[in-house]
file target.cif (mmCIF, N, CA and C atoms)
data_start
loop_
_atom_site.label_atom_id
_atom_site.label_comp_id
_atom_site.auth_asym_id
_atom_site.auth_seq_id
_atom_site.Cartn_x
_atom_site.Cartn_y
_atom_site.Cartn_z
N GLN A 64 -63.97 19.89 42.67
CA GLN A 64 -63.72 18.45 42.62
C GLN A 64 -64.65 17.84 41.58
N VAL A 65 -64.10 16.93 40.80
CA VAL A 65 -64.86 16.26 39.75
C VAL A 65 -65.00 14.79 40.10
N GLN A 66 -66.17 14.26 39.93
CA GLN A 66 -66.38 12.82 40.09
C GLN A 66 -66.91 12.23 38.79
N LEU A 67 -66.42 11.05 38.48
CA LEU A 67 -66.82 10.37 37.26
C LEU A 67 -67.50 9.05 37.62
N VAL A 68 -68.64 8.82 37.02
CA VAL A 68 -69.37 7.57 37.27
C VAL A 68 -69.58 6.86 35.94
N GLU A 69 -69.00 5.68 35.85
CA GLU A 69 -69.08 4.90 34.62
C GLU A 69 -70.19 3.86 34.71
N SER A 70 -70.73 3.53 33.57
CA SER A 70 -71.75 2.48 33.51
C SER A 70 -71.75 1.87 32.11
N GLY A 71 -72.44 0.73 32.00
CA GLY A 71 -72.61 0.12 30.70
C GLY A 71 -71.78 -1.12 30.44
N GLY A 72 -70.88 -1.45 31.34
CA GLY A 72 -70.08 -2.65 31.15
C GLY A 72 -70.91 -3.90 31.38
N GLY A 73 -70.31 -5.04 31.08
CA GLY A 73 -71.01 -6.30 31.28
C GLY A 73 -70.40 -7.43 30.49
N LEU A 74 -71.15 -8.51 30.41
CA LEU A 74 -70.74 -9.71 29.68
C LEU A 74 -71.49 -9.76 28.35
N VAL A 75 -70.75 -9.97 27.28
CA VAL A 75 -71.36 -10.02 25.95
C VAL A 75 -70.63 -11.06 25.12
N GLN A 76 -71.34 -11.65 24.18
CA GLN A 76 -70.71 -12.61 23.29
C GLN A 76 -69.92 -11.89 22.21
N ALA A 77 -68.94 -12.58 21.67
CA ALA A 77 -68.16 -12.02 20.57
C ALA A 77 -69.10 -11.62 19.43
N GLY A 78 -68.81 -10.44 18.87
CA GLY A 78 -69.66 -9.91 17.82
C GLY A 78 -70.74 -8.98 18.32
N GLY A 79 -70.93 -8.96 19.62
CA GLY A 79 -71.96 -8.12 20.21
C GLY A 79 -71.51 -6.69 20.41
N SER A 80 -72.38 -5.90 21.05
CA SER A 80 -72.12 -4.48 21.26
C SER A 80 -72.41 -4.08 22.70
N LEU A 81 -71.71 -3.07 23.13
CA LEU A 81 -71.96 -2.42 24.42
C LEU A 81 -71.74 -0.93 24.24
N ARG A 82 -72.39 -0.15 25.09
CA ARG A 82 -72.17 1.30 25.11
C ARG A 82 -71.81 1.70 26.53
N LEU A 83 -70.62 2.21 26.69
CA LEU A 83 -70.16 2.70 27.98
C LEU A 83 -70.50 4.18 28.10
N SER A 84 -70.86 4.57 29.32
CA SER A 84 -71.13 5.97 29.61
C SER A 84 -70.27 6.40 30.80
N CYS A 85 -69.88 7.66 30.79
CA CYS A 85 -69.12 8.23 31.89
C CYS A 85 -69.70 9.61 32.18
N ALA A 86 -70.40 9.71 33.29
CA ALA A 86 -71.05 10.97 33.67
C ALA A 86 -70.18 11.71 34.67
N ALA A 87 -69.97 12.99 34.40
CA ALA A 87 -69.10 13.80 35.24
C ALA A 87 -69.90 14.82 36.03
N SER A 88 -69.51 14.99 37.28
CA SER A 88 -70.03 16.09 38.08
C SER A 88 -68.95 17.15 38.19
N GLY A 89 -69.32 18.34 38.59
CA GLY A 89 -68.32 19.39 38.72
C GLY A 89 -68.19 20.20 37.45
N THR A 90 -67.14 20.99 37.39
CA THR A 90 -66.97 21.93 36.29
C THR A 90 -65.84 21.51 35.36
N GLY A 91 -65.84 22.12 34.19
CA GLY A 91 -64.73 21.95 33.26
C GLY A 91 -64.89 20.89 32.21
N PHE A 92 -65.99 20.16 32.27
CA PHE A 92 -66.14 19.02 31.36
C PHE A 92 -65.96 19.42 29.90
N SER A 93 -66.59 20.48 29.48
CA SER A 93 -66.57 20.84 28.06
C SER A 93 -65.23 21.38 27.60
N LEU A 94 -64.37 21.72 28.54
CA LEU A 94 -63.12 22.41 28.19
C LEU A 94 -61.93 21.48 28.02
N VAL A 95 -62.05 20.25 28.47
CA VAL A 95 -60.88 19.38 28.52
C VAL A 95 -61.03 18.15 27.64
N ARG A 96 -59.92 17.53 27.41
CA ARG A 96 -59.87 16.25 26.70
C ARG A 96 -60.58 15.19 27.51
N LYS A 97 -61.25 14.30 26.83
CA LYS A 97 -61.91 13.16 27.46
C LYS A 97 -61.44 11.90 26.76
N ALA A 98 -61.25 10.83 27.53
CA ALA A 98 -60.67 9.63 26.94
C ALA A 98 -61.17 8.38 27.64
N TRP A 99 -61.07 7.30 26.93
CA TRP A 99 -61.31 5.97 27.47
C TRP A 99 -60.01 5.17 27.39
N TYR A 100 -59.67 4.51 28.48
CA TYR A 100 -58.53 3.60 28.56
C TYR A 100 -59.07 2.23 28.94
N ARG A 101 -58.22 1.24 28.77
CA ARG A 101 -58.58 -0.09 29.26
C ARG A 101 -57.35 -0.80 29.78
N GLN A 102 -57.60 -1.74 30.69
CA GLN A 102 -56.51 -2.53 31.25
C GLN A 102 -56.97 -3.98 31.38
N ALA A 103 -56.30 -4.83 30.64
CA ALA A 103 -56.57 -6.26 30.71
C ALA A 103 -55.68 -6.88 31.78
N PRO A 104 -56.05 -8.03 32.32
CA PRO A 104 -55.22 -8.68 33.35
C PRO A 104 -53.80 -8.91 32.87
N GLY A 105 -52.85 -8.50 33.68
CA GLY A 105 -51.45 -8.71 33.36
C GLY A 105 -50.88 -7.77 32.32
N LYS A 106 -51.68 -6.80 31.89
CA LYS A 106 -51.22 -5.85 30.86
C LYS A 106 -51.26 -4.42 31.37
N GLN A 107 -50.54 -3.56 30.69
CA GLN A 107 -50.55 -2.15 31.04
C GLN A 107 -51.84 -1.49 30.56
N ARG A 108 -52.20 -0.43 31.25
CA ARG A 108 -53.36 0.35 30.82
C ARG A 108 -53.03 1.01 29.48
N GLU A 109 -53.98 0.97 28.56
CA GLU A 109 -53.75 1.53 27.23
C GLU A 109 -54.88 2.48 26.84
N LEU A 110 -54.53 3.45 26.02
CA LEU A 110 -55.50 4.41 25.51
C LEU A 110 -56.33 3.74 24.42
N VAL A 111 -57.63 3.85 24.56
CA VAL A 111 -58.54 3.27 23.56
C VAL A 111 -59.03 4.35 22.59
N ALA A 112 -59.46 5.48 23.13
CA ALA A 112 -59.98 6.56 22.28
C ALA A 112 -59.98 7.85 23.08
N GLN A 113 -59.89 8.97 22.37
CA GLN A 113 -59.95 10.26 23.02
C GLN A 113 -60.71 11.23 22.15
N ILE A 114 -61.27 12.26 22.81
CA ILE A 114 -61.99 13.31 22.09
C ILE A 114 -61.61 14.63 22.74
N THR A 115 -61.25 15.59 21.90
CA THR A 115 -60.83 16.89 22.41
C THR A 115 -62.04 17.80 22.63
N SER A 116 -61.76 18.97 23.18
CA SER A 116 -62.84 19.90 23.46
C SER A 116 -63.54 20.36 22.18
N ASP A 117 -62.82 20.36 21.05
CA ASP A 117 -63.45 20.79 19.80
C ASP A 117 -64.06 19.62 19.03
N GLY A 118 -64.02 18.41 19.63
CA GLY A 118 -64.69 17.27 19.02
C GLY A 118 -63.83 16.37 18.16
N SER A 119 -62.55 16.68 18.04
CA SER A 119 -61.67 15.81 17.27
C SER A 119 -61.45 14.50 18.02
N THR A 120 -61.47 13.40 17.28
CA THR A 120 -61.35 12.09 17.92
C THR A 120 -60.14 11.32 17.41
N THR A 121 -59.65 10.45 18.27
CA THR A 121 -58.58 9.52 17.92
C THR A 121 -58.93 8.17 18.51
N HIS A 122 -58.74 7.12 17.72
CA HIS A 122 -59.00 5.77 18.20
C HIS A 122 -57.76 4.90 18.00
N ALA A 123 -57.53 4.02 18.93
CA ALA A 123 -56.41 3.08 18.79
C ALA A 123 -56.64 2.21 17.57
N ASP A 124 -55.54 1.80 16.96
CA ASP A 124 -55.64 0.97 15.75
C ASP A 124 -56.44 -0.30 16.02
N SER A 125 -56.31 -0.85 17.21
CA SER A 125 -56.96 -2.11 17.54
C SER A 125 -58.49 -2.01 17.60
N VAL A 126 -59.01 -0.78 17.69
CA VAL A 126 -60.46 -0.62 17.79
C VAL A 126 -61.05 0.22 16.67
N LYS A 127 -60.22 0.72 15.78
CA LYS A 127 -60.71 1.55 14.68
C LYS A 127 -61.74 0.81 13.86
N GLY A 128 -62.82 1.51 13.55
CA GLY A 128 -63.88 0.90 12.77
C GLY A 128 -64.87 0.11 13.60
N ARG A 129 -64.54 -0.12 14.87
CA ARG A 129 -65.44 -0.88 15.75
C ARG A 129 -65.95 -0.05 16.93
N PHE A 130 -65.08 0.81 17.48
CA PHE A 130 -65.44 1.63 18.64
C PHE A 130 -65.56 3.09 18.20
N THR A 131 -66.44 3.81 18.87
CA THR A 131 -66.60 5.23 18.59
C THR A 131 -66.78 6.00 19.89
N ILE A 132 -65.93 7.00 20.10
CA ILE A 132 -66.06 7.86 21.26
C ILE A 132 -66.91 9.07 20.88
N SER A 133 -67.74 9.51 21.81
CA SER A 133 -68.54 10.70 21.58
C SER A 133 -68.80 11.38 22.92
N LYS A 134 -69.36 12.59 22.86
CA LYS A 134 -69.61 13.32 24.09
C LYS A 134 -70.90 14.11 23.97
N ASP A 135 -71.46 14.42 25.12
CA ASP A 135 -72.63 15.28 25.19
C ASP A 135 -72.33 16.30 26.28
N ASN A 136 -71.92 17.49 25.88
CA ASN A 136 -71.53 18.51 26.86
C ASN A 136 -72.72 18.93 27.72
N ALA A 137 -73.91 18.90 27.17
CA ALA A 137 -75.08 19.30 27.94
C ALA A 137 -75.35 18.33 29.09
N LYS A 138 -74.94 17.08 28.90
CA LYS A 138 -75.13 16.06 29.94
C LYS A 138 -73.85 15.74 30.69
N ASN A 139 -72.77 16.44 30.34
CA ASN A 139 -71.47 16.15 30.98
C ASN A 139 -71.13 14.66 30.92
N THR A 140 -71.35 14.09 29.76
CA THR A 140 -71.18 12.64 29.62
C THR A 140 -70.36 12.32 28.37
N VAL A 141 -69.47 11.37 28.52
CA VAL A 141 -68.70 10.85 27.39
C VAL A 141 -69.07 9.38 27.21
N TYR A 142 -69.14 8.96 25.96
CA TYR A 142 -69.59 7.61 25.63
C TYR A 142 -68.52 6.86 24.86
N LEU A 143 -68.62 5.55 24.92
CA LEU A 143 -67.82 4.69 24.06
C LEU A 143 -68.74 3.61 23.51
N GLN A 144 -69.08 3.73 22.24
CA GLN A 144 -69.88 2.72 21.57
C GLN A 144 -68.94 1.64 21.05
N MET A 145 -69.18 0.42 21.48
CA MET A 145 -68.30 -0.68 21.12
C MET A 145 -69.10 -1.72 20.34
N ASN A 146 -68.74 -1.91 19.09
CA ASN A 146 -69.40 -2.88 18.22
C ASN A 146 -68.41 -3.97 17.82
N SER A 147 -68.95 -5.06 17.31
CA SER A 147 -68.11 -6.18 16.85
C SER A 147 -67.07 -6.55 17.89
N LEU A 148 -67.50 -6.70 19.10
CA LEU A 148 -66.57 -6.97 20.20
C LEU A 148 -65.88 -8.32 20.03
N LYS A 149 -64.63 -8.35 20.48
CA LYS A 149 -63.79 -9.55 20.40
C LYS A 149 -63.36 -9.95 21.81
N PRO A 150 -63.01 -11.21 22.00
CA PRO A 150 -62.53 -11.62 23.33
C PRO A 150 -61.33 -10.80 23.80
N GLU A 151 -60.51 -10.36 22.89
CA GLU A 151 -59.34 -9.55 23.29
C GLU A 151 -59.72 -8.14 23.74
N ASP A 152 -60.97 -7.77 23.61
CA ASP A 152 -61.43 -6.49 24.14
C ASP A 152 -61.75 -6.58 25.63
N THR A 153 -61.71 -7.78 26.18
CA THR A 153 -61.99 -7.97 27.60
C THR A 153 -61.00 -7.20 28.45
N ALA A 154 -61.52 -6.35 29.33
CA ALA A 154 -60.68 -5.49 30.16
C ALA A 154 -61.56 -4.67 31.09
N VAL A 155 -60.92 -3.99 32.01
CA VAL A 155 -61.60 -2.94 32.77
C VAL A 155 -61.40 -1.65 31.99
N TYR A 156 -62.49 -0.96 31.74
CA TYR A 156 -62.47 0.28 30.96
C TYR A 156 -62.62 1.48 31.91
N TYR A 157 -61.76 2.47 31.71
CA TYR A 157 -61.74 3.66 32.55
C TYR A 157 -61.94 4.90 31.70
N CYS A 158 -62.71 5.83 32.19
CA CYS A 158 -62.76 7.13 31.52
C CYS A 158 -61.84 8.10 32.27
N ARG A 159 -61.41 9.09 31.53
CA ARG A 159 -60.49 10.08 32.08
C ARG A 159 -60.85 11.46 31.54
N LEU A 160 -60.83 12.45 32.40
CA LEU A 160 -60.95 13.85 32.01
C LEU A 160 -59.61 14.52 32.27
N GLY A 161 -59.07 15.11 31.24
CA GLY A 161 -57.76 15.75 31.34
C GLY A 161 -56.70 14.84 30.74
N PRO A 162 -55.44 15.09 31.03
CA PRO A 162 -54.97 16.10 31.95
C PRO A 162 -54.98 17.50 31.34
N TRP A 163 -55.01 18.47 32.19
CA TRP A 163 -55.04 19.87 31.77
C TRP A 163 -54.31 20.71 32.80
N ARG A 164 -53.26 21.34 32.32
CA ARG A 164 -52.47 22.26 33.15
C ARG A 164 -51.96 21.60 34.43
N GLY A 165 -51.79 20.33 34.40
CA GLY A 165 -51.14 19.64 35.50
C GLY A 165 -51.97 19.43 36.75
N VAL A 166 -53.18 20.00 36.80
CA VAL A 166 -53.97 19.87 38.02
C VAL A 166 -55.34 19.26 37.77
N TYR A 167 -55.80 19.33 36.54
CA TYR A 167 -57.13 18.81 36.24
C TYR A 167 -56.95 17.45 35.56
N ASP A 168 -57.09 16.39 36.33
CA ASP A 168 -56.86 15.05 35.81
C ASP A 168 -57.66 14.07 36.68
N TYR A 169 -58.76 13.56 36.12
CA TYR A 169 -59.67 12.72 36.89
C TYR A 169 -59.94 11.42 36.16
N TRP A 170 -60.04 10.35 36.96
CA TRP A 170 -60.31 9.01 36.43
C TRP A 170 -61.60 8.46 37.02
N GLY A 171 -62.29 7.67 36.24
CA GLY A 171 -63.43 6.93 36.75
C GLY A 171 -62.97 5.70 37.51
N GLN A 172 -63.94 5.01 38.10
CA GLN A 172 -63.62 3.85 38.93
C GLN A 172 -63.40 2.58 38.11
N GLY A 173 -63.78 2.63 36.86
CA GLY A 173 -63.61 1.48 35.98
C GLY A 173 -64.88 0.65 35.87
N THR A 174 -65.09 0.08 34.69
CA THR A 174 -66.22 -0.82 34.47
C THR A 174 -65.72 -2.03 33.69
N GLN A 175 -66.11 -3.20 34.12
CA GLN A 175 -65.62 -4.44 33.52
C GLN A 175 -66.39 -4.75 32.24
N VAL A 176 -65.63 -5.06 31.20
CA VAL A 176 -66.20 -5.56 29.95
C VAL A 176 -65.60 -6.94 29.71
N THR A 177 -66.46 -7.92 29.56
CA THR A 177 -66.02 -9.28 29.31
C THR A 177 -66.69 -9.78 28.03
N VAL A 178 -65.87 -10.22 27.09
CA VAL A 178 -66.37 -10.72 25.81
C VAL A 178 -66.07 -12.21 25.73
N SER A 179 -67.10 -13.00 25.63
CA SER A 179 -66.93 -14.45 25.56
C SER A 179 -66.88 -14.91 24.10
N SER A 180 -66.11 -15.97 23.88
CA SER A 180 -65.95 -16.48 22.51
C SER A 180 -67.00 -17.54 22.20
#

call {"tool": "encode", "arguments": {"input": "target.cif", "output": "structure tokens"}}
result
Amino acid sequence: QVQLVESGGGLVQAGGSLRLSCAASGTGFSLVRKAWYRQAPGKQRELVAQITSDGSTTHADSVKGRFTISKDNAKNTVYLQMNSLKPEDTAVYYCRLGPWRGVYDYWGQGTQVTVSS
């Protein structure tokens, strides 16, 4: 069983920065895809960024150049560095490990990010 604990959310002014962390317990962290999603009120959950086991990254167009996903396999932790934040970045942010082979798919509890104008 894998548990994910997210931290780093909060209230920040537009133009500010936050760093989200997602610490995983259990096994398999280094072997699977890791990702950050977000869900704003009244909207569907969307993929923000992902990083594969070999370190390849993908970022949504809306955050390219501002957000950076990274990982530390030794700490079983995935990060999301968020710079130049905008009010439209306000959402609950979730980390995800997997999916992998249909059975390894874990989500964090979510952390609120609020950007004021």

call {"tool": "closest_residue", "arguments": {"input": "target.cif", "among": "A:Val111, A:Val141, A:Arg129, A:Lys134", "to": "Ala86 (chain A)", "atoms": "only N, CA and C atoms"}}
result
A:Val141

call {"tool": "residues_around", "arguments": {"input": "target.cif", "residues": "region 151-168 of chain A", "least_positions_apart": "2", "cutoff": "6 Å", "atoms": "all atoms listed in the file", "output": "NGL selection string"}}
result
:A and (95-104 or 149 or 170-178)

call {"tool": "resolve_selection", "arguments": {"input": "target.cif", "expression": "the PyMOL selection byres ((chain A and resi 179) around 6)", "output": "PDB file with N, CA and C atoms, in the coordinates of the input"}}
result
ATOM      1  N   VAL A  75     -70.750  -9.970  27.280  1.00  0.00           N
ATOM      2  CA  VAL A  75     -71.360 -10.020  25.950  1.00  0.00           C
ATOM      3  C   VAL A  75     -70.630 -11.060  25.120  1.00  0.00           C
ATOM      4  N   GLN A  76     -71.340 -11.650  24.180  1.00  0.00           N
ATOM      5  CA  GLN A  76     -70.710 -12.610  23.290  1.00  0.00           C
ATOM      6  C   GLN A  76     -69.920 -11.890  22.210  1.00  0.00           C
ATOM      7  N   ALA A  77     -68.940 -12.580  21.670  1.00  0.00           N
ATOM      8  CA  ALA A  77     -68.160 -12.020  20.570  1.00  0.00           C
ATOM      9  C   ALA A  77     -69.100 -11.620  19.430  1.00  0.00           C
ATOM     10  N   PRO A 150     -63.010 -11.210  22.000  1.00  0.00           N
ATOM     11  CA  PRO A 150     -62.530 -11.620  23.330  1.00  0.00           C
ATOM     12  C   PRO A 150     -61.330 -10.800  23.800  1.00  0.00           C
ATOM     13  N   THR A 177     -66.460  -7.920  29.560  1.00  0.00           N
ATOM     14  CA  THR A 177     -66.020  -9.280  29.310  1.00  0.00           C
ATOM     15  C   THR A 177     -66.690  -9.780  28.030  1.00  0.00           C
ATOM     16  N   VAL A 178     -65.870 -10.220  27.090  1.00  0.00           N
ATOM     17  CA  VAL A 178     -66.370 -10.720  25.810  1.00  0.00           C
ATOM     18  C   VAL A 178     -66.070 -12.210  25.730  1.00  0.00           C
ATOM     19  N   SER A 180     -66.110 -15.970  23.880  1.00  0.00           N
ATOM     20  CA  SER A 180     -65.950 -16.480  22.510  1.00  0.00           C
ATOM     21  C   SER A 180     -67.000 -17.540  22.200  1.00  0.00           C
TER      22      SER A 180
END

call {"tool": "closest_residue", "arguments": {"input": "target.cif", "among": "A:Thr115, A:Thr121, A:Ser84, A:Gln107", "to": "Leu143 (chain A)", "atoms": "all atoms listed in the file"}}
result
A:Ser84

call {"tool": "atom_distance", "arguments": {"input": "target.cif", "atom1": "CA of Thr120 (chain A)", "atom2": "CA of Gly105 (chain A)"}}
result
27.7 Å

call {"tool": "resolve_selection", "arguments": {"input": "target.cif", "expression": "the PyMOL selection byres (((chain A and resi 130 and name CA) around 8) and name CA)", "output": "list in words"}}
result
His122, Val126, Lys127, Gly128, Arg129, Thr131, Ile132, Leu143, Gln144, Met145 and Asn146 of chain A

call {"tool": "resolve_selection", "arguments": {"input": "target.cif", "expression": "the PyMOL selection byres ((chain A and resi 66) around 8)", "output": "JSON, numbers by chain"}}
result
{"A": [64, 65, 67, 68, 69, 85, 86, 87, 88, 89, 90, 169, 170, 171, 172]}

call {"tool": "atom_distance", "arguments": {"input": "target.cif", "atom1": "CA of Tyr142 (chain A)", "atom2": "CA of Arg108 (chain A)"}}
result
18.5 Å

call {"tool": "select_by_dssp", "arguments": {"input": "target.cif", "residues": "chain A", "states": "strand (DSSP E or B)", "output": "number ranges by chain"}}
result
A: 67-70, 73-76, 81-87, 97-102, 109-114, 120-122, 130-135, 140-145, 154-163, 167-170, 174-179

call {"tool": "residues_around", "arguments": {"input": "target.cif", "residues": "Ala123 (chain A)", "least_positions_apart": "6", "cutoff": "6.5 Å", "atoms": "only N, CA and C atoms", "output": "compact mmCIF listing (two decimals) with N, CA and C atoms, in the frame of the given file"}}
result
# COMPACT_ATOMS: atom_id res chain seq x y z
N LEU A 110 -54.53 3.45 26.02
CA LEU A 110 -55.50 4.41 25.51
C LEU A 110 -56.33 3.74 24.42
N VAL A 111 -57.63 3.85 24.56
CA VAL A 111 -58.54 3.27 23.56
C VAL A 111 -59.03 4.35 22.59
N ALA A 112 -59.46 5.48 23.13
CA ALA A 112 -59.98 6.56 22.28
C ALA A 112 -59.98 7.85 23.08
N GLN A 113 -59.89 8.97 22.37
CA GLN A 113 -59.95 10.26 23.02
C GLN A 113 -60.71 11.23 22.15

call {"tool": "closest_residue", "arguments": {"input": "target.cif", "among": "A:Ser93, A:Ser80, A:Ser125, A:Ser119", "to": "Leu148 (chain A)", "atoms": "only N, CA and C atoms"}}
result
A:Ser80

call {"tool": "closest_residue", "arguments": {"input": "target.cif", "among": "A:Gly72, A:Arg82, A:Asn136, A:Lys106", "to": "Leu94 (chain A)", "atoms": "only C-alpha atoms"}}
result
A:Asn136

call {"tool": "closest_residue", "arguments": {"input": "target.cif", "among": "A:Ser147, A:Asp124, A:Gly91, A:Asp135", "to": "Gly78 (chain A)", "atoms": "all atoms listed in the file"}}
result
A:Ser147

call {"tool": "closest_residue", "arguments": {"input": "target.cif", "among": "A:Gly79, A:Gly71, A:Ser116, A:Glu109", "to": "Phe92 (chain A)", "atoms": "only C-alpha atoms"}}
result
A:Ser116

call {"tool": "atom_distance", "arguments": {"input": "target.cif", "atom1": "CA of Ile114 (chain A)", "atom2": "CA of Leu74 (chain A)"}}
result
25.8 Å
